[in-house]
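Inspection log for the structure reproduced underneath, given as structure tokens.
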Number of protein chains: 4
Amino acid sequence: MDRFDCVSPLDYRYYGGNESFFRKVHPFLSERANIKYCLKVEAALARGLARRRVFSMDVADEIETACANVTAEAVYEHDQRIHHYTRALVEALRDQLSERARPYVHLFATSFDIVDTALALRLRDFVREVVVPDLRALAEVLIRLALSTSDIVQVGRTHGQHAVPITFGFAVAGYVDRLGGRIERISKEADDLRGKMSGAVGAYNSFSLQIPDPEYLEAEILADLGLKPNRHSTQIVQPEHFTDLMCSVATCFGLLANIADDMRHLQRTEIAEVYEYFSGAQVGSSTMPHKRNPWNFEHVKSMWKEFTPRILTVLADVISEHQRDLTNSATRRFLPEIMIGFAEATERLTRQCGSLRVDTDSMRRHLDASSQASMAEPIYILLALAGLPDAHEYVRKLTLKGDITRSLIDAVLADPDVAQYLGEGTVEQLEALRVPERYTGVAIRKTHEICTFWETALGLDVSVPLSQS
Amino acid sequence: MDRFDCVSPLDYRYYGGNESFFRKVHPFLSERANIKYCLKVEAALARGLARRRVFSMDVADEIETACANVTAEAVYEHDQRIHHYTRALVEALRDQLSERARPYVHLFATSFDIVDTALALRLRDFVREVVVPDLRALAEVLIRLALSTSDIVQVGRTHGQHAVPITFGFAVAGYVDRLGGRIERISKEADDLRGKMSGAVGAYNSFSLQIPDPEYLEAEILADLGLKPNRHSTQIVQPEHFTDLMCSVATCFGLLANIADDMRHLQRTEIAEVYEYFSGAQVGSSTMPHKRNPWNFEHVKSMWKEFTPRILTVLADVISEHQRDLTNSATRRFLPEIMIGFAEATERLTRQCGSLRVDTDSMRRHLDASSQASMAEPIYILLALAGLPDAHEYVRKLTLKGDITRSLIDAVLADPDVAQYLGEGTVEQLEALRVPERYTGVAIRKTHEICTFWETALGLDVSVPLSQS
Amino acid sequence: MDRFDCVSPLDYRYYGGNESFFRKVHPFLSERANIKYCLKVEAALARGLARRRVFSMDVADEIETACANVTAEAVYEHDQRIHHYTRALVEALRDQLSERARPYVHLFATSFDIVDTALALRLRDFVREVVVPDLRALAEVLIRLALSTSDIVQVGRTHGQHAVPITFGFAVAGYVDRLGGRIERISKEADDLRGKMSGAVGAYNSFSLQIPDPEYLEAEILADLGLKPNRHSTQIVQPEHFTDLMCSVATCFGLLANIADDMRHLQRTEIAEVYEYFSGAQVGSSTMPHKRNPWNFEHVKSMWKEFTPRILTVLADVISEHQRDLTNSATRRFLPEIMIGFAEATERLTRQCGSLRVDTDSMRRHLDASSQASMAEPIYILLALAGLPDAHEYVRKLTLKGDITRSLIDAVLADPDVAQYLGEGTVEQLEALRVPERYTGVAIRKTHEICTFWETALGLDVSVPLSQS
Amino acid sequence: MDRFDCVSPLDYRYYGGNESFFRKVHPFLSERANIKYCLKVEAALARGLARRRVFSMDVADEIETACANVTAEAVYEHDQRIHHYTRALVEALRDQLSERARPYVHLFATSFDIVDTALALRLRDFVREVVVPDLRALAEVLIRLALSTSDIVQVGRTHGQHAVPITFGFAVAGYVDRLGGRIERISKEADDLRGKMSGAVGAYNSFSLQIPDPEYLEAEILADLGLKPNRHSTQIVQPEHFTDLMCSVATCFGLLANIADDMRHLQRTEIAEVYEYFSGAQVGSSTMPHKRNPWNFEHVKSMWKEFTPRILTVLADVISEHQRDLTNSATRRFLPEIMIGFAEATERLTRQCGSLRVDTDSMRRHLDASSQASMAEPIYILLALAGLPDAHEYVRKLTLKGDITRSLIDAVLADPDVAQYLGEGTVEQLEALRVPERYTGVAIRKTHEICTFWETALGLDVSVPLSQS
């Protein structure tokens with residue numbers, strides 16, 4: 001069976017067909033990695049028991065060495081026969097051991113002491129080694145983009161309609177701020193994943209046969225792996241920690257999709273304020289040779305659509321009957337896929353945002369086209385401040401009078417009913433609105449503040465140029 | 001990259017690790033199969049155009065022959081360079097052609113004329129060749145089970161509480177009836193999947209350059225593949241047909257999970273009315289050697305939890321902006337996974353239901369234990385029919401009086417206030433209720449009617465013994 | 001408690017705050033309506049039993065009369081005390097009866113014989129009386145829109161990018177075709193909803209005490225209500241019929257959202273090809289007096305986002321343990337909300353599409369702006385037909401050469417390498433492409449065909465002017 | 001329109017039909033409450049501007065007084081005319097003001113400065129005043145239950161099969177521990193909800209007309225309301241904070257459903273280890289007078305099924321195009337429903353857990369019935385520790401030999417092949433296993449530790465008896 005025999009698009013395409021991404025993911029989330037991690041937990045259990053003198057450290061060493069030699073193939077061969085994944089792993093491990101050591105593998109433990117602990121470890125490592133670094137790379141790219149466009153005035157859009165001006169950098173700074181928050185949260189949730197070593201129903205029944213303080217032994221074994229236990233477990237680890245992590249990821253996935261959506265709409269032919277990078281050899285359409293589609297941004301949205309509903313599977317797995325039912329067994333095998341889809345979308349979005357072309361002429365053109373309408377707000381407010389009682393309604397009606405492109409300011413200044421309210425200061429302020437790009441509030445200042453904040457908080461340095469990737 | 005390097009549990013375990021299932025799925029839903037199906041559509045397009053004399057039949061033949069030689073590897077090599085899946089396929093195909101034929105590949109067509117049509121074909125074939133036959137096999141197994149247990153009296157359970165008696169066969173007949181309906185529906189929906197050959201925006205713009213009646217050409221090409229077009233398409237096929245099929249599958253998946261849930265609860269230690277088959281070599285727990293878990297039934301439920309939420313991705317893809325946006329591109333690649341998860345669960349459930357052990361002693365024991373309480377309904381009704389004004393409340397209060405195991409019938413017969421209402425007929429009927437297994441309504445008759453109906457409707461023959469699988 | 005004390009936006013706003021919509025929905029889906037429908041089923045049960053001479057027709061008449069007098073208030077008063085909804089209904093009904101008739105209410109039946117049958121009736125009636133007529137009204141509005149714009153050329157858009165031309169009417173005809181299919185399906189699914197009258201566990205246990213052929217009695221009672229039974233039921237009706245209906249609704253909801261999405265994007269300031277109607281008194285923004293937002297189209301999308309995920313609740317309710325568990329009790333009370341949200345969105349969308357303003361100048365302007373790029377497809381195809389071996393790649397490279405607005409046709413005609421392939425016919429065809437609006441394939445013809453088809457199929461008459469609403 | 005005219009089960013039943021619950025929810029989440037909260041924000045804005053001397057404090061006072069007099073009816077009357085919710089609110093407020101004050105209402109602000117801030121306030125207050133106190137009440141009830149049953153031995157169940165013993169209190173302590181964690185999290189998320197006062201596109205454009213440091217003004221106004229701003233906003237508050245809160249609620253809802261599921265299964269007729277309280281007047285079935293169903297536990301599960309999928313709506317609202325699109329407008333109105341459904345389920349579960357009847361005889365009986373099988377684990381482990389190389393397989397085969405109820409210990413002791421491994425200590429340990437209730441590990445100690453921990457952490461006092469409710 002090779003890549004093209006696969007049925008999952010992750011395997012045959014997004015992960016399997018992307019060499020560098022494959023190398024990133026494989027050590028944590030492939031099936032080989034899962035087995036490797038499970039063996040890591042078995043070895044830690046053996047070491048922990050040996051430290052407590054349940055058996056000699058020699059036995060633990062033998063087990064640890066054997067762990068390095070167990071293959072996925074061997075495990076699956078046993079599984080085929082006995083139909084029990086963890087026991088198959090144990091048997092494959094026992095095959096590597098001397099008769100003396102064989103009784104001591106997996107001693108006291110239940111399957112999910114191993115499987116759930118290994119899952120926590122894998123996810124935590126993947127978040128630490130791949131997800132967070134990649135999200136930081138995205139943050140860096142976005143900070144650079146925000147800073148370099150902090151004063152590029154762009155018309156703000158609400159409901160797809162021109163509203164009042166912002167700067168493009170300010171919009172990007174919004175992504176930076178939201179992303180910064182997500183990075184901190186995802187990182188924290190991953191660090192808080194828990195393992196267990198409490199036996200078949202969580203009460204340490206088997207451990208208690210030999211160990212007077214099995215909770216402490218559990219803590220020691222998990223500490224060896226860099227994890228902590230919960231205060232209570234059943235046959236499985238409390239589901240809330242996995243769930244919290246996946247919810248944080250789902251929310252961040254939404255942010256990626258939000259950025260992608262904004263960009264693909266800004267690339268609409270009529271708007272054309274930004275462009276995805278398009279290589280010389282690239283084809284946009286199999287029949288329309290001229291097409292330059294925002295297909296990477298669309299892909300990010302598509303991945304979001306694929307993986308977000310799966311959060312409901314994670315939420316359904318919060319329920320497990322009594323000391324555990326097995327209806328979370330297959331589902332938990334699929335859980336890492338959400339993480340992989342998310343990582344793939346992150347990498348893709350980073351690449352696109354890092355090579356994004358911004359068309360400032362288009363931005364200028366749209367700003368100018370709405371320069372009159374966009375000033376309806378400040379005009380109404382200045383009139384209200386001047387004391388005109390129904391300023392909003394007055395200006396609203398003005399904008400209804402056919403030609404919204406005609407100067408609202410001139411219309412106001414020419415209105416004798418309004419004249420009485422217009423002091424010198426107000427007239428001056430109204431005149432200033434003829435240059436709409438000045439009406440951007442504190443957009444520029446905010447952009448810099450936000451970028452500086454996150455550059456520091458995330459420990460980035462955007463003063464040096466990006467290395468070529 | 002081999003199976004254990006994969007990240008999807010389908011690839012490394014449920015499909016990739018199950019040889020017979022792999023052989024079933026691979027010809028339709030692997031990536032190799034996808035490419036093969038796309039090429040089948042390209043060949044049909046060429047034949048169709050040749051029949052219309054756009055080019056010679058020789059060219060069409062050459063294209064068809066070349067289609068047989070294009071490999072997934074070649075397609076992906078082009079894709080790596082030009083980042084366009086269908087164009088890569090076209091280029092890989094062109095590589096196999098003489099200079100004369102090369103201009104005519106994919107002529108007039110847009111990518112999704114090929115991709116969506118191929119998807120419809122693949123799904124339809126998979127439903128016809130795998131899903132429906134497997135669901136029929138499940139129906140057959142269930143019909144046999146229903147018939148062989150049609151008169152095994154079992155206590156009916158509502159809210160997990162003993163209600164009034166049924167027969168086990170009657171319960172199974174309920175599954176049969178629901179399953180029969182789903183098979184008909186899934187089959188019909190798959191047969192109604194549509195293809196397209198209408199060009200970049202669905203208006204046959206390119207085809208019209210040369211073909212006066214391109215709708216008819218589309219119909220001819222699709223008929224060649226055994227498909228029909230829609231009355232209208234955009235760049236893509238109308239999403240409703242895929243959605244209807246997947247909704248039918250999702251509903252049937254719920255039925256599988258319902259059966260699995262019922263069985264795993266009936267296997268609870270305290271209930272123990274049915275058992276999953278358990279082989280001699282099989283291990284139930286890595287630490288509790290005595291365990292016999294309903295792990296296959298649990299697996300079916302788990303697969304249901306994994307795949308059902310994905311229907312929301314399918315529903316989200318009903319929306320595609322204007323003549324199409326690409327946010328359904330990745331999602332549609334994942335869509336067949338739902339079908340595979342469903343097929344795997346079907347096969348697993350069939351195997352378990354076919355080897356299910358029914359413990360009639362347990363059923364009898366539970367029936368007896370509730371024989372008094374279960375008669376509260378008929379007693380109240382007979383009293384109401386006899387004219388007792390508040391019969392329900394009267395019996396309800398009787399059952400509250402401590403010992404519900406004491407004979408309700410004796411209590412009623414001994415009550416002087418009720419005596420006046422009891423004619424001879426009623427007393428006789430009440431006495432008959434001392435044999436609770438007679439209070440099963442028409443359960444047995446219904447079971448046979450339903451089984452006969454579906455045996456005929458599905459063209460099964462359950463009179464012959466099952467062949468050994 | 002009045003409207004503003006409510007917590008559901010349906011009650012305090014979308015249904016409760018819209019008088020005509022309230023009047024439409026109330027007779028079917030309010031709680032008062034639910035009780036009325038349950039009583040209708042009780043009356044039908046009484047009539048059915050009287051016809052079978054279980055009691056006299058006088059009793060049935062008395063029950064039927066009493067049903068008209070039971071109030072929601074009375075039912076809930078009993079419910080407060082006994083904590084059982086259907087029994088409370090029965091008691092409220094018994095309060096209205098003579099001593100003679102009181103024993104015969106609800107005889108043989110279980111709660112869900114009443115509740116599920118009433119739900120099927122309510123939903124079926126609501127679909128027949130409200131949903132389908134309203135969808136037909138939308139179809140009519142869309143057909144009129146399609147016909148009146150069948151030849152308004154608009155640039156086709158894929159990926160938000162200009163592709164090749166269509167007509168606006170052709171795009172609308174696509175909605176018509178998809179909508180027509182959904183109307184037929186929703187109508188059919190609603191007509192196929194099923195009731196039951198088979199007692200506590202579906203085996204007609206209680207009915208069999210007195211009735212030799214209870215399945216036929218069930219069929220008679222349901223026929224009296226215009227419904228059919230299933231071949232099998234448990235304590236509840238088979239879930240598949242409700243589920244099929246709701247899936248069809250969910251898919252159609254997606255179509256509404258698709259239309260709304262397209263329209264709101266076409267109303268973007270830079271595109272401005274269509275506009276929502278905006279009344280003179282209406283306010284677009286509380287601070288920006290000039291705003292004219294596509295807020296109704298946005299609302300339709302928002303309702304879709306709210307109600308679509310609830311299909312998962314419907315799918316979860318496909319599972320009910322054994323003869324039934326009650327975990328579908330609250331959920332089934334919420335189920336009609338999906339229908340109401342859908343009906344509200346339908347009405348809103350119909351109103352907007354009926355008053356939509358189409359800006360043909362904008363459409364023309366965008367077409368012209370892309371007139372060169374849009375011709376890349378036909379040029380490549382004509383060159384391929386003429387025998388140029390790598391026509392797609394040749395044209396793709398042409399479009400890359402800086403100025404895509406420059407005439408591609410001139411560039412091709414001027415290219416000496418290509419000249420050899422250009423026969424007279426091809427040159428003529430190339431010249432014809434200078435008028436891009438001719439490159440619309442069969443868009444106009446298709447539009448008329450589709451509209452005619454659905455006008456007939458749905459029995460509409462669009463030749464008469466719309467009455468003023 | 002009264003309660004029974006409503007269509008939402010919340011309004012006509014779960015909230016509208018439960019007086020004490022109504023009183024809890026109404027001040028925060030009714031539509032009246034929403035308007036009240038919006039006016040609170042308008043008043044805070046006025047005070048903030050007056051402090052900055054944009055207008056006199058007299059004007060602010062007048063606005064504040066007027067806010068108290070605006071009714072929902074008045075707001076909706078304006079809304080009917082101008083179709084803009086917030087502007088309608090502003091107009092209703094202006095109706096109450098002198099001509100002098102009227103220009104200054106809502107000055108600088110955009111609608112969602114008010115609406116989103118009010119939503120944050122409402123949700124935060126509801127969590128603080130209702131959700132967290134109610135969850136604490138549940139925690140208290142569960143702690144009391146755990147402590148009072150800490151040493152009631154119960155057979156542990158995995159896969160619905162008897163595993164090894166725990167105590168019932170230990171199982172309940174597991175709920176306590178998970179619940180404690182959720183309370184802390186929900187509380188923290190609610191406290192971290194954010195408001196905004198940054199104008200139409202988040203850049204403080206309008207505020208900047210008059211205020212040099214509008215970010216600080218925003219912070220002042222929000223501080224007045226007890227809220228904080230984000231570092232960046234668009235027209236709306238960053239969606240992540242709402243989302244995080246709702247995800248925490250969804251996860252806790254899963255825990256409630258888990259408890260409810262466990263209890264309703266433990267109430268199965270065959271298990272009967274616990275019972276819901278059942279009042280003397282209560283009816284269990286409309287036709288089966290004897291039924292005592294776990295309908296409240298089933299209700300909790302049903303509410304979980306209804307509300308959990310809605311988290312996808314919340315996740316979809318993480319995306320808002322550019323400076324905002326309105327497709328989150330209706331959805332955000334529905335969002336509080338999740339909170340209400342959750343609060344209702346919490347209250348219901350607390351009531352049931354507080355009056356739960358535990359049948360220790362049943363527990364004992366089940367423990368005894370599995371006393372042999374349950375000892376398979378410790379026997380295998382003791383043999384392994386004694387050096388038997390394949391102890392797990394040895395014991396597994398023993399349990400396969402027909403009668404699992406026969407003493408495993410006797411079988412082991414009688415086996416000559418095993419005898420050589422059995423030292424005196426091991427034999428002693430094996431003999432001890434004849435009393436299976438001793439094999440509960442540290443269940444009792446853990447139960448007390450966990451209860452003490454959360455009693456302290458949540459500031460509860462379970463040493464005093466529960467007051468009668």
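Convention: chains lettered A, B, ... in structure tokens order; per-chain residue numbering from 1; ligands numbered from 1 as shown.
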
Using only C-alpha atoms, find the residues of chain D whose closest atom to chain B is at most 10 Å away, then write them as a ChimeraX atom specification. /D:157-164,264-272,280-295,298,309,312,366,369-370,372-381,391-400,404

For region 427-437 of chain B, find every residue with an atom within 12 Å (counting only C-alpha atoms), except residues of its own chain fewer than 4 positions away, and show them as a PyMOL selection string. (chain B and resi 151-156+163-167+363-383+385-386+407-414+418-423+441-444) or (chain C and resi 205-206+208-210)

If we count only C-alpha atoms and set the cut-off at 10 Å, which residues sit around Arg185 (chain D), ignoring sequence neighbours fewer than 6 positions away in its own chain? Please answer as a compact mmCIF listing (two decimals) with N, CA and C atoms, in the first residue's frame.
```
# COMPACT_ATOMS: atom_id res chain seq x y z
N LEU D 179 -16.28 18.71 37.65
CA LEU D 179 -17.16 19.87 37.78
C LEU D 179 -16.41 21.05 38.39
N ASP D 191 -15.66 36.30 33.37
CA ASP D 191 -15.02 37.52 33.87
C ASP D 191 -14.15 38.17 32.81
N ASP D 244 -14.88 31.32 23.66
CA ASP D 244 -14.24 30.58 24.75
C ASP D 244 -15.24 30.27 25.86
N LEU D 245 -16.04 31.24 26.20
CA LEU D 245 -17.04 31.01 27.24
C LEU D 245 -18.02 29.91 26.82
N SER D 248 -16.52 26.45 26.96
CA SER D 248 -16.43 25.94 28.33
C SER D 248 -17.79 25.45 28.79
N VAL D 249 -18.83 26.19 28.43
CA VAL D 249 -20.17 25.78 28.80
C VAL D 249 -20.53 24.47 28.11
N CYS D 252 -18.90 21.61 29.84
CA CYS D 252 -19.54 21.32 31.12
C CYS D 252 -20.91 20.69 30.89
```

Coordinates-based distance that separates CA of Ser30 (chain C) from CA of Phe4 (chain D) (Å, one decimal): 6.8 Å
